[in-house]
Every structure is written in C-alpha cells, then in structure tokens.
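Engineer: This structure is in structure tokens; I'll ask about it shortly.
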Amino acid sequence: MNEQRKPNFLKGAAILAAASVVVKIVSASYRIPLFSILDAPGRGTFQVIYSVFGLILALSTAGVPVALSRLVSSANTKGNTPLIRRYFTVALPAFTVVGIVAMLVMFFLNEELASLLGNSLAATGIQVLAPAAFFACIIAVYRGYAQGHEDMIPTAISQIVEVICKLVIGFAVVLWLQYMNYSMNIVSAGAVSGVTVGLGVCIPILALYNRRINRIHHSPLPERTESTEIPGATEVLRKIIKVSIPISVSASFMAAMGLIDSAIVLNRLQSALGYTELEASAAWGVQALGISLFTIPPATVLPISVSIIPAIAAALARKQDAESGDIMRTSLKLVNLIAMPAAIGLMVLASPILIALFDYRLPLATTILILLGAASFFACLQFITSSILQANGHERVSLITFPIGAIARFIIVYILSGVPAVGVVASSIGTLVCFVLISVLNLAFIKARIRQARQLRTVFTKPFFCALIMGLTALLTYFGIHRLGYGIFGDGRAAVIIYLALTILISAIVYIVLVILTRVVTKEDLTSVPKGEKLAKLLRVK
C-alpha cells in the first residue's frame, strides 16, 4: 500500500474514533442519570423521540456526507477544483430546502407522527426536534465536503460540540421541568432540546472550517479552461442525488428500522396483547435500556466506515487496486478487533452491566441485552461492508440487501410481538436476524464482485478466536470475583461496579495479549498510527 495513503486513512479514522469516544462518554453522562429520573413510560417515550433524532443524526453524519465525500474525493484526486466547488454550491441550497420541508412536517404534523409511532406522548418531543432536521441537512453538506478532502477534524469538532450542548442544555432543561412538576412526556421532550441547540451551534463552526479548507486546498481558483468545463447545476444535483439516495438508505438504515420497529411493537402490544399506551411505553422503556448499549459498538466503528470511503475512492481514481484492497482488509480487521470483543462482552456481562449502569435487575432486560449484544457485531459488520461497497461504486447493493433484512425483521417483530411469552423481546430478535442477513449478503457480494477484497477469511478467524477466549475469561472472572466478594461487599450496585471493573480490566489484558501472540496486529498496522513504531518495539510485534 502507498505509505502516505494508509496513514491518512488511519489518521482520519483515529480522529473520528477519538471524537466518538468523547461523544459516548458525554452521552453516558447524560443518559444514565436521565434514565434514573424518568420512570419506565418516560424512558419509553424518550426512546421514541430519540429514535427520530437517531434518524436525523444518521443522515447528518453518514448519509449525504458519505455520498458527497466520495464525489469530492474523486474530483480532488483528479485536481478538478471547479467541479469540487460546484458540488458544494449545488448541494448546500438543495439540502437546505430539504431541511426546511422536514422541519415543517415535524413541527406541524407532530401529533400525527407520534400516533403513527404508537406513542402519542412523543408529540411534543418531535416538535422540539423539528429545527434539528433543518440544521442537520445543512451540517450534512459541510461534513461531506470536509471528509471529501480527508479532513475529519470539522466532523469530529462538531460532534463534540453537539453532544456537549445535549448534555449541558438538555439536562438543565430536564431538571427545571422536573422542578416545575411537569409530566414525564414533557420532561422527555425537554431532554432533547439540547440536541436542537447543539446542531444549530455546529453550523457556524463548520462554515469557518469550510473557508479554511478552501483557502488551503483551492486558493486561488484556477481560470476556467476547456479541460475544466464542468456540468450544469441540474446535472450535478442529479449526480449527487443518484449517489446519495442508496448511501442515505444505508447510513440511516439502523435508525429508520429502529423507528419503524418501535411503532410496530408499541401498536402490537396495544392491539394484540391489550396493553394500555402507558403500559406499552413502559415495556419499550425496558427495551430502551438495551438499545442504549447496543448502539455503542456501531458508533465506535462508524469513524472507520466514514474514513475508508474517500480513501478507497481516491485509490481507485488513481487505479491503484492493491492499495484499495489493503485499505478494505485493514478496515475490516480493525472493525472485527473492536466489535467482536464488545459484542461478546455485552452478552456475557449483560446482567452486571445493567445493574452497574442503571441499577436494573429485571431478567427481561438481561435477555434483551444478550440478543442486542450479538446483534451489535453484525450491525458493525453491516456498516463497514456497506462502506466498502459504496466506495467501490456498488452503493445500489444496499437497495437489495437492506429491504431483505428489513422485511425479515418486520415479519418476525410483527408475529412475535403479539405472542405473550415474547412481547417486546421480539424487537431484539428481529434486530439480530436483520443484521445477520444484511452482513452475510454484503460479504457475499464483496467476494463475488470486488476482486481486490476477496482474501478476507483471516481478518475474521483470529479476532474471533481472541474475542471468544476473552469472553470466557470475562464470564469466569466475574463469577469468581462475585463469589469471593459477595460475603464482604454484598451484591449492591456499588459492589457490582467493583466486580465489573475488575473483570473488564483482566479481560482486556487477556485480549491484548492474545492479539499480540496470534499476530492479528502486525508491525505495519502499528507503524501507521502515531507513536506506532515505539509501541511495536515495546510489544515486540513483528
């Protein structure tokens, strides 16, 4: 692989990964105490509202930005500055109009949307989020333009600003509404107010970064010549939409399916099992605990998925197939190294994790988290395989694989959610089946159609072996520590936190040692990251 390109790709992934860690820490600082304030119906209502935001967030971080980054990266590699500028000047007003329409629909049809989602209590929250839809569409264009130049800093900074506003403003509003004795559905709506403010604050920040990118990369603008003739605005917009639609479907799939999933379950619990709206919302509140943890692994690997698209597109534009193949294999290996232990950890430690974070001991929640833990790996695999397909110009594959997964999910959820012994757990079962199907189909297509990415078996087998041993270590370690500590510290939340922390520390050490011993991570991998050569020498990695 070109020694310059691989570090660029890993540097971009590292920047977004670091931002993702900060975002997740701040989000946990927001969600864990929030779920302690809200009762079960309030958590269910919040999850419905937040699912709407999840769809908006997916579009603003990985939908339109991914499509635009691919187009800009390809044009940038060829030195076509006028075309790069045209992509931006056409995309910004076009998606601003889309944002205005989305905002108006959410604001004035909030009650209809909430009823459609099976929770009328979410109406106020949807209205609060309406401006966020407008802001997100504008942010999408700025982020995509920056990512197309392989500059991930604007995206990272804006994500951090957004989540800090969500924490500070959202939680302040929640505490004030609670102090004023408002109902839980109003408190739930107040919790997302910081999201809207945060997205609004991001726009001027991204606009400043946009000027910096133009100054560094495209100043002065070359004079128009015959070789730099570019298509008209209508043709450029058509091209952006043609690439954006399948990629947006892929990027927003998890959030959109979660939204539809909640609507099916809430309506089925009420129509088939006789739940009241409040009871159905309470049941979904239990599911919300699992969902909040399920989304962590995919959010962690999303930076890799975002970073590889402009890197692969640039390599293909230079006709360097070997380089693009190396990027694909490296990205898949990184995802497996992160997602496999995370998924197995959620499964084997589901009960203590729920107790430590939410002081929740209901077996139903444990069952849900075990299923969603398994699903989280395949959600990560879906992200990275979809990005590989998109970067290679096969973005339309998602229009085949995603509907297959979605149909299977909805059939399972619809049937099982009406079974009393299953109920809300149907959502977790459907989620697992859905992502398994999509991931397998994506991998089959990659193997069949992308020649430079066919040798992929080793990037799965060794990480799985290491993660499996780590999982067994975690299970036995927690059981042993719990047995030893129970007589002294008991089984309260504080004690479980201590047991869990020790278990995670020991399991992490075992996993790192296994990764080194099995040579899953090579010296070339480590030397591509900052201080990697020193780390490779310290760990004696060959």
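In the structure tokens, chains take letters A, B, ... by order of appearance, with residues numbered from 1 within each chain and ligands from 1 in the order shown.
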Which residues of range 142-190 of chain A have any atom within 8 Å of an atom in range 73-81 of chain A when counting only C-alpha atoms, and what is the closest pair of atoms for each, with the distance in Å to one decimal? Order the rows by chain and rising number and write it as JSON lines.
Structural biologist:
{"residue": "A:Gly148", "atom": "CA", "partner": "A:Ser73", "partner_atom": "CA", "distance": 4.4}
{"residue": "A:His149", "atom": "CA", "partner": "A:Ser73", "partner_atom": "CA", "distance": 6.0}
{"residue": "A:Glu150", "atom": "CA", "partner": "A:Ser73", "partner_atom": "CA", "distance": 7.6}
Engineer: Report as a count of residues only all protein, DNA and RNA residues lying within 10 Å of Gln127 in chain A, evaluated on only C-alpha atoms, omitting residues in the same chain fewer than 2 positions from it.
Structural biologist: 22
Engineer: Looking at only C-alpha atoms, which of A:Leu337, A:Arg70, A:Leu381, A:Arg211 is the one that sits closest to Ala315 in chain A?
Structural biologist: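 For Ala315 in chain A, the nearest of the given residues is A:Arg70.
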Engineer: Find the spatial neighbours of Val22 in chain A, counting only C-alpha atoms, within a cut-off of 8 Å - ignore same-chain residues fewer than 4 positions away - and output them as JSON, numbers by chain.
Structural biologist: {"A": [18, 26, 160]}
Engineer: At what distance in Å, to one decimal, does CA of Val90 in chain A lie from CA of Ala311 in chain A?
Structural biologist: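 Calculated distance between CA of Ala311 in chain A and CA of Val90 in chain A is 23.5 Å.
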Engineer: I'd like to know which residues of range 408-535 of chain A are alpha helix (DSSP H) (by DSSP, run on the backbone); could you write them as a VMD selection string?
Structural biologist: chain A and resid 408 to 416 426 to 449 458 to 489 493 to 517 523 to 527 532 to 535
